[in-house]
>>> print(open('run.tsv').read())   # TSV, C-alpha atoms and all ligand atoms
chain	number	residue	atom	x	y	z
A	14	MET	CA	0.00	0.00	0.00
A	15	ARG	CA	1.41	3.33	-1.05
A	16	ILE	CA	0.03	6.39	0.73
A	17	HIS	CA	0.73	9.80	-0.78
A	18	VAL	CA	0.27	12.54	1.83
A	19	LEU	CA	-1.48	15.46	0.11
A	20	GLY	CA	-2.21	17.22	3.38
A	21	CYS	CA	-1.84	16.15	7.00
A	22	HIS	CA	-2.60	19.21	9.10
A	23	GLY	CA	-5.67	20.51	10.91
A	24	ALA	CA	-5.75	23.66	8.75
A	25	ASP	CA	-3.91	25.31	5.85
A	26	CYS	CA	-0.87	27.47	6.45
A	27	LEU	CA	2.39	28.52	4.88
A	28	ALA	CA	4.94	27.40	7.47
A	29	ASP	CA	7.31	30.17	8.42
A	30	THR	CA	10.63	28.32	8.37
A	31	THR	CA	14.10	29.73	7.79
A	32	GLU	CA	14.46	27.61	4.67
A	33	ARG	CA	12.04	27.34	1.77
A	34	PRO	CA	8.44	28.01	2.88
A	35	VAL	CA	6.47	24.79	3.33
A	36	ARG	CA	2.77	24.55	2.56
A	37	GLN	CA	0.85	22.80	5.33
A	38	GLU	CA	-2.54	21.62	4.13
A	39	SER	CA	-5.73	20.02	5.40
A	40	CYS	CA	-6.06	16.23	5.51
A	41	GLY	CA	-6.01	14.23	2.29
A	42	PHE	CA	-4.24	10.87	1.79
A	43	LEU	CA	-4.13	9.21	-1.62
A	44	ILE	CA	-3.85	5.43	-1.42
A	45	ASP	CA	-2.39	3.64	-4.46
A	46	ASP	CA	-3.42	6.55	-6.71
A	47	SER	CA	-7.11	5.59	-6.62
A	48	VAL	CA	-8.57	5.81	-3.11
A	49	LEU	CA	-8.62	9.22	-1.44
A	50	LEU	CA	-8.91	9.09	2.34
A	51	ASP	CA	-10.40	12.43	3.39
A	52	ALA	CA	-10.62	15.27	0.91
A	53	GLY	CA	-9.29	18.36	2.67
A	54	THR	CA	-6.59	18.71	0.01
A	55	VAL	CA	-6.90	17.36	-3.52
A	56	GLY	CA	-6.49	19.64	-6.53
A	57	ALA	CA	-3.84	21.82	-4.92
A	58	ARG	CA	-1.50	18.82	-4.87
A	59	LEU	CA	-2.47	16.71	-7.90
A	60	THR	CA	-2.33	17.16	-11.64
A	61	LEU	CA	-5.54	16.74	-13.59
A	62	ALA	CA	-4.36	13.32	-14.79
A	63	GLN	CA	-3.76	12.26	-11.17
A	64	GLN	CA	-7.19	13.54	-10.12
A	65	ARG	CA	-8.74	11.50	-12.94
A	66	ARG	CA	-7.28	8.33	-11.43
A	67	ILE	CA	-9.24	8.80	-8.18
A	68	ARG	CA	-12.06	6.23	-8.15
A	69	PHE	CA	-13.15	6.42	-4.49
A	70	VAL	CA	-13.29	9.18	-1.90
A	71	LEU	CA	-13.61	7.98	1.66
A	72	LEU	CA	-14.65	10.64	4.19
A	73	SER	CA	-14.22	10.50	7.97
A	74	HIS	CA	-16.61	13.36	8.77
A	75	LEU	CA	-18.14	16.55	7.51
A	76	HIS	CA	-15.75	19.11	8.99
A	77	PHE	CA	-14.53	21.52	6.35
A	78	ASP	CA	-10.85	20.62	6.68
A	79	HIS	CA	-11.75	17.06	5.53
A	80	ILE	CA	-14.08	17.84	2.63
A	81	LYS	CA	-13.02	21.14	1.15
A	82	GLY	CA	-11.16	19.66	-1.83
A	83	LEU	CA	-14.19	17.65	-2.94
A	84	PRO	CA	-16.24	20.40	-4.67
A	85	THR	CA	-13.37	21.48	-6.87
A	86	LEU	CA	-12.35	17.87	-7.58
A	87	ALA	CA	-15.86	17.35	-8.98
A	88	ASP	CA	-15.54	20.54	-10.98
A	89	ASN	CA	-12.19	19.43	-12.43
A	90	LEU	CA	-13.53	16.00	-13.40
A	91	ALA	CA	-16.99	16.94	-14.67
A	92	GLU	CA	-15.91	17.21	-18.31
A	93	GLY	CA	-15.02	13.97	-20.01
A	94	PHE	CA	-14.98	11.62	-17.01
A	95	GLU	CA	-15.32	7.89	-17.67
A	96	GLU	CA	-16.76	6.57	-14.41
A	97	PRO	CA	-18.38	8.48	-11.53
A	98	VAL	CA	-16.23	8.90	-8.45
A	99	ILE	CA	-17.75	7.00	-5.52
A	100	VAL	CA	-17.99	9.16	-2.40
A	101	ALA	CA	-18.21	6.73	0.52
A	102	ALA	CA	-19.15	7.98	3.98
A	103	THR	CA	-21.65	7.37	6.75
A	104	GLU	CA	-25.21	8.63	6.36
A	105	PRO	CA	-24.87	11.90	8.34
A	106	VAL	CA	-21.85	12.85	6.24
A	107	ILE	CA	-23.54	12.12	2.91
A	108	GLN	CA	-26.65	13.97	4.07
A	109	GLY	CA	-24.53	16.87	5.28
A	110	LEU	CA	-22.78	17.15	1.90
A	111	MET	CA	-26.18	17.39	0.19
A	112	ASP	CA	-27.64	19.87	2.69
A	113	HIS	CA	-24.69	22.15	3.27
A	114	VAL	CA	-22.23	21.87	0.39
A	115	PHE	CA	-23.67	20.53	-2.88
A	116	ASN	CA	-26.94	22.41	-2.34
A	117	ASN	CA	-26.80	24.68	-5.40
A	118	LYS	CA	-26.02	27.61	-3.12
A	119	VAL	CA	-22.60	26.89	-1.71
A	120	TYR	CA	-21.76	24.75	-4.75
A	121	PRO	CA	-23.57	23.10	-7.68
A	122	ASN	CA	-24.88	19.62	-6.96
A	123	PHE	CA	-22.33	17.40	-8.65
A	124	PHE	CA	-24.25	14.36	-7.41
A	125	LYS	CA	-26.69	15.30	-10.20
A	126	LEU	CA	-24.37	17.05	-12.64
A	127	PRO	CA	-23.42	17.25	-15.45
A	128	ASP	CA	-26.26	14.82	-16.10
A	129	ARG	CA	-28.76	13.54	-13.54
A	130	GLU	CA	-28.47	10.02	-15.07
A	131	ARG	CA	-24.71	10.16	-15.14
A	132	PRO	CA	-23.32	12.46	-12.43
A	133	VAL	CA	-19.63	12.90	-11.71
A	134	LEU	CA	-20.06	12.00	-8.01
A	135	GLN	CA	-21.98	9.03	-6.70
A	136	ALA	CA	-22.76	8.62	-2.99
A	137	HIS	CA	-22.29	5.35	-1.17
A	138	VAL	CA	-23.56	5.16	2.41
A	139	LEU	CA	-21.26	3.24	4.75
A	140	GLU	CA	-22.49	1.34	7.78
A	141	PRO	CA	-20.26	1.73	10.81
A	142	GLY	CA	-18.46	-1.49	11.65
A	143	LYS	CA	-19.23	-3.09	8.31
A	144	PRO	CA	-16.31	-3.75	5.95
A	145	LEU	CA	-16.67	-2.71	2.32
A	146	THR	CA	-14.50	-3.44	-0.70
A	147	LEU	CA	-13.51	-0.40	-2.75
A	148	GLY	CA	-11.44	-1.51	-5.74
A	149	HIS	CA	-8.43	-3.36	-4.37
A	150	VAL	CA	-8.83	-2.32	-0.71
A	151	GLU	CA	-11.22	-3.28	2.05
A	152	VAL	CA	-12.24	-0.48	4.40
A	153	THR	CA	-13.95	-0.73	7.78
A	154	PRO	CA	-15.43	2.47	9.23
A	155	VAL	CA	-15.38	2.64	13.02
A	156	PRO	CA	-17.14	5.38	15.02
A	157	VAL	CA	-14.76	7.53	17.06
A	158	ASN	CA	-15.31	10.29	19.64
A	159	HIS	CA	-15.44	13.70	17.93
A	160	SER	CA	-17.78	16.72	18.08
A	161	VAL	CA	-19.78	15.55	15.03
A	162	PRO	CA	-20.46	12.01	13.71
A	163	THR	CA	-17.02	10.74	12.74
A	164	VAL	CA	-15.43	7.45	11.81
A	165	GLY	CA	-11.85	6.30	11.71
A	166	TYR	CA	-10.91	3.54	9.26
A	167	VAL	CA	-8.98	0.34	8.97
A	168	VAL	CA	-7.85	0.10	5.34
A	169	LYS	CA	-6.53	-3.27	4.16
A	170	ASP	CA	-5.03	-4.65	1.00
A	171	ARG	CA	-3.48	-8.09	0.47
A	172	GLN	CA	-0.19	-7.16	2.08
A	173	ALA	CA	-0.92	-4.62	4.77
A	174	ALA	CA	-3.41	-2.68	6.82
A	175	LEU	CA	-3.49	0.91	8.00
A	176	LEU	CA	-5.39	2.25	11.01
A	177	TYR	CA	-6.55	5.87	10.54
A	178	SER	CA	-7.89	7.42	13.73
A	179	GLY	CA	-9.93	10.23	12.21
A	180	ASP	CA	-10.47	13.34	14.34
A	181	THR	CA	-11.09	11.99	17.81
A	182	TYR	CA	-10.83	12.41	21.56
A	183	GLN	CA	-10.37	9.35	23.77
A	184	THR	CA	-12.05	6.35	22.16
A	185	GLU	CA	-12.13	2.55	22.28
A	186	ALA	CA	-13.71	0.71	19.35
A	187	ILE	CA	-11.07	1.50	16.74
A	188	TRP	CA	-8.28	0.26	19.01
A	189	SER	CA	-10.23	-2.92	19.78
A	190	LEU	CA	-10.55	-3.59	16.06
A	191	GLY	CA	-6.90	-2.67	15.46
A	192	ARG	CA	-5.80	-5.29	17.99
A	193	THR	CA	-7.45	-8.02	15.89
A	194	ILE	CA	-5.71	-7.12	12.59
A	195	PRO	CA	-2.54	-9.20	12.18
A	196	GLY	CA	-1.46	-7.37	9.02
A	197	LEU	CA	-1.59	-3.95	10.67
A	198	LYS	CA	1.56	-2.14	9.52
A	199	ALA	CA	0.98	1.44	10.71
A	200	ALA	CA	-1.35	3.79	12.55
A	201	PHE	CA	-2.03	7.41	11.67
A	202	VAL	CA	-3.16	9.04	14.91
A	203	GLU	CA	-4.33	12.60	15.24
A	204	SER	CA	-2.64	15.04	17.61
A	205	SER	CA	-4.14	18.49	17.18
A	206	PHE	CA	-3.08	20.58	20.17
A	207	PRO	CA	-0.18	20.74	22.63
A	208	ASP	CA	-0.67	19.42	26.17
A	209	GLU	CA	-1.19	22.86	27.70
A	210	MET	CA	-4.33	23.19	25.56
A	211	GLY	CA	-5.91	20.06	27.03
A	212	GLU	CA	-9.15	21.88	27.89
A	213	LEU	CA	-9.68	23.02	24.31
A	214	ALA	CA	-8.76	19.54	23.08
A	215	LYS	CA	-11.41	18.05	25.37
A	216	LYS	CA	-14.06	20.56	24.26
A	217	SER	CA	-13.31	20.25	20.55
A	218	LYS	CA	-12.72	16.48	20.89
A	219	HIS	CA	-9.16	16.20	19.70
A	220	LEU	CA	-6.00	14.61	21.11
A	221	THR	CA	-2.93	16.19	22.68
A	222	PRO	CA	0.47	14.40	22.80
A	223	ALA	CA	-0.21	12.92	26.27
A	224	LEU	CA	-3.55	11.54	25.03
A	225	PHE	CA	-1.92	10.43	21.75
A	226	LEU	CA	0.33	8.15	23.82
A	227	LYS	CA	-2.55	6.82	25.94
A	228	GLU	CA	-4.62	6.07	22.85
A	229	PHE	CA	-1.73	4.45	20.97
A	230	GLN	CA	-1.02	2.20	23.97
A	231	LYS	CA	-4.57	0.81	23.69
A	232	LEU	CA	-3.43	-0.98	20.50
A	233	GLY	CA	-1.04	-3.14	22.51
A	234	ARG	CA	1.53	-2.93	19.71
A	235	PRO	CA	4.29	-0.78	21.22
A	236	ASP	CA	6.60	-1.28	18.20
A	237	LEU	CA	4.03	-0.44	15.51
A	238	PRO	CA	5.03	2.53	13.33
A	239	VAL	CA	2.83	5.42	14.44
A	240	TYR	CA	2.48	8.69	12.56
A	241	ALA	CA	1.09	11.85	14.13
A	242	TYR	CA	-1.11	13.99	11.89
A	243	HIS	CA	-3.78	16.74	12.04
A	244	MET	CA	-1.44	19.01	13.97
A	245	LYS	CA	-2.83	22.54	14.03
A	246	PRO	CA	-0.14	24.45	12.09
A	247	ALA	CA	0.37	27.06	14.83
A	248	PHE	CA	1.41	24.31	17.26
A	249	ARG	CA	3.21	21.81	15.01
A	250	THR	CA	6.68	22.44	16.46
A	251	GLN	CA	5.48	22.25	20.05
A	252	ILE	CA	3.44	19.08	19.38
A	253	GLU	CA	6.48	17.45	17.75
A	254	GLN	CA	8.66	18.28	20.74
A	255	GLU	CA	6.08	16.94	23.18
A	256	ILE	CA	5.60	13.67	21.28
A	257	ARG	CA	9.37	13.16	20.99
A	258	ARG	CA	9.63	13.53	24.77
A	259	LEU	CA	7.12	10.68	25.26
A	260	GLY	CA	9.79	8.21	24.19
A	261	ILE	CA	7.91	6.32	21.45
A	262	GLN	CA	11.05	5.54	19.43
A	263	GLN	CA	9.30	4.93	16.11
A	264	ALA	CA	6.85	7.85	16.29
A	265	ALA	CA	6.99	10.01	13.17
A	266	PHE	CA	5.26	13.14	11.92
A	267	LEU	CA	3.54	13.18	8.58
A	268	GLN	CA	4.58	15.82	6.10
A	269	GLU	CA	2.97	17.03	2.87
A	270	GLY	CA	4.37	15.25	-0.17
A	271	GLN	CA	5.58	12.26	1.84
A	272	ILE	CA	5.00	8.75	0.53
A	273	VAL	CA	4.37	6.09	3.17
A	274	THR	CA	4.73	2.52	1.86
A	275	LEU	CA	3.30	-0.33	3.91
A	301	ZN	ZN	-10.13	18.04	11.23
A	302	ZN	ZN	-13.10	17.45	12.87
>>> encode(input="run.tsv", output="structure tokens")
Amino acid sequence: MRIHVLGCHGADCLADTTERPVRQESCGFLIDDSVLLDAGTVGARLTLAQQRRIRFVLLSHLHFDHIKGLPTLADNLAEGFEEPVIVAATEPVIQGLMDHVFNNKVYPNFFKLPDRERPVLQAHVLEPGKPLTLGHVEVTPVPVNHSVPTVGYVVKDRQAALLYSGDTYQTEAIWSLGRTIPGLKAAFVESSFPDEMGELAKKSKHLTPALFLKEFQKLGRPDLPVYAYHMKPAFRTQIEQEIRRLGIQQAAFLQEGQIVTL
């Protein structure tokens, strides 16, 4: 499984480093060129030809930083597409896209365009806990603990499996499932705020580095490669320092443009 990190932050920002400026972007992970896991960043990082290879978009929840690339992806693909792109998400997310995004006010309804009989986007409602095959991967959505209905995912192919936490506060079910997956090769776990902002993390239902460690330990796989993501750009450096201090030797921090191979 080859995961291309299009965006891995909790917002968009141009990082103010001493070297070349780095663009930090909202969450979007392209698996084997064809399955997009969250759609916060799409067109800003992919050529038109690459966007045309996307067959499935898998959404964790409706928050803007996870869907905002989807409208313009549809726009880019609407002329001359061969097959509709399947947008797979739980019912509240699909309904939310219809009500609040593709409602012909915020954006045209590409679930009915360019042709009602042959739209560029096609919705597929996922049932939490129930595995589904999308092309060459099997995905299992698992409810997690966020401020709106949200799922994390276990994504499997023949060789490997990835656990993706989604935006979450302390949770259980996804770790229980993760413990039963022998082919699990990596976990992407959110860490949005530094420890001193624990109150905000609790209110907005996100993790801090201390909670990141507690959650990761629930997997019972202390040596599993674990990647922090969804850092709020303003706190990335501080979050990195705090996670490094926790002593998880193999912990890493996702970066835009990175390719993770499992
Ligand atoms: Zn988010
Ligand atoms: Zn969120």
>>> residues_near_point(input="run.tsv", point="(0.4, 23.0, 14.8)", cutoff="9 Å", atoms="only C-alpha atoms", output="JSON, numbers by chain")
{"A": [22, 23, 24, 204, 205, 206, 207, 243, 244, 245, 246, 247, 248, 249, 250, 251, 252, 253]}
>>> closest_residue(input="run.tsv", among="A:Lys216, A:His137, A:His76, A:Arg234", to="Gly109 (chain A)", atoms="only C-alpha atoms")
A:His76
>>> residues_near_ligand(input="run.tsv", ligand="ligand ZN 302 (chain A)", cutoff="7 Å", atoms="only C-alpha atoms and all ligand atoms", output="list in words")
His74, His76, His159 and Asp180 of chain A
>>> write_last_selection(input="run.tsv", atoms="C-alpha atoms", output="PDB file, in the frame of the given file")
ATOM      1  CA  HIS A  74     -16.610  13.360   8.770  1.00  0.00           C
ATOM      2  CA  HIS A  76     -15.750  19.110   8.990  1.00  0.00           C
ATOM      3  CA  HIS A 159     -15.440  13.700  17.930  1.00  0.00           C
ATOM      4  CA  ASP A 180     -10.470  13.340  14.340  1.00  0.00           C
TER       5      ASP A 180
END
>>> residues_around(input="run.tsv", residues="Thr274 (chain A)", least_positions_apart="5", cutoff="12 Å", atoms="all atoms listed in the file", output="PDB file with C-alpha atoms, keeping the file's coordinate frame")
ATOM      1  CA  MET A  14       0.000   0.000   0.000  1.00  0.00           C
ATOM      2  CA  ARG A  15       1.410   3.330  -1.050  1.00  0.00           C
ATOM      3  CA  ILE A  16       0.030   6.390   0.730  1.00  0.00           C
ATOM      4  CA  HIS A  17       0.730   9.800  -0.780  1.00  0.00           C
ATOM      5  CA  VAL A  18       0.270  12.540   1.830  1.00  0.00           C
ATOM      6  CA  LEU A  43      -4.130   9.210  -1.620  1.00  0.00           C
ATOM      7  CA  ILE A  44      -3.850   5.430  -1.420  1.00  0.00           C
ATOM      8  CA  ASP A  45      -2.390   3.640  -4.460  1.00  0.00           C
ATOM      9  CA  GLN A 172      -0.190  -7.160   2.080  1.00  0.00           C
ATOM     10  CA  ALA A 173      -0.920  -4.620   4.770  1.00  0.00           C
ATOM     11  CA  ALA A 174      -3.410  -2.680   6.820  1.00  0.00           C
ATOM     12  CA  LEU A 175      -3.490   0.910   8.000  1.00  0.00           C
ATOM     13  CA  LYS A 198       1.560  -2.140   9.520  1.00  0.00           C
ATOM     14  CA  ALA A 199       0.980   1.440  10.710  1.00  0.00           C
ATOM     15  CA  PRO A 238       5.030   2.530  13.330  1.00  0.00           C
TER      16      PRO A 238
END
>>> closest_residue(input="run.tsv", among="A:Pro154, A:Gly211, A:Gly82, A:Gly53", to="Tyr177 (chain A)", atoms="all atoms listed in the file")
A:Pro154
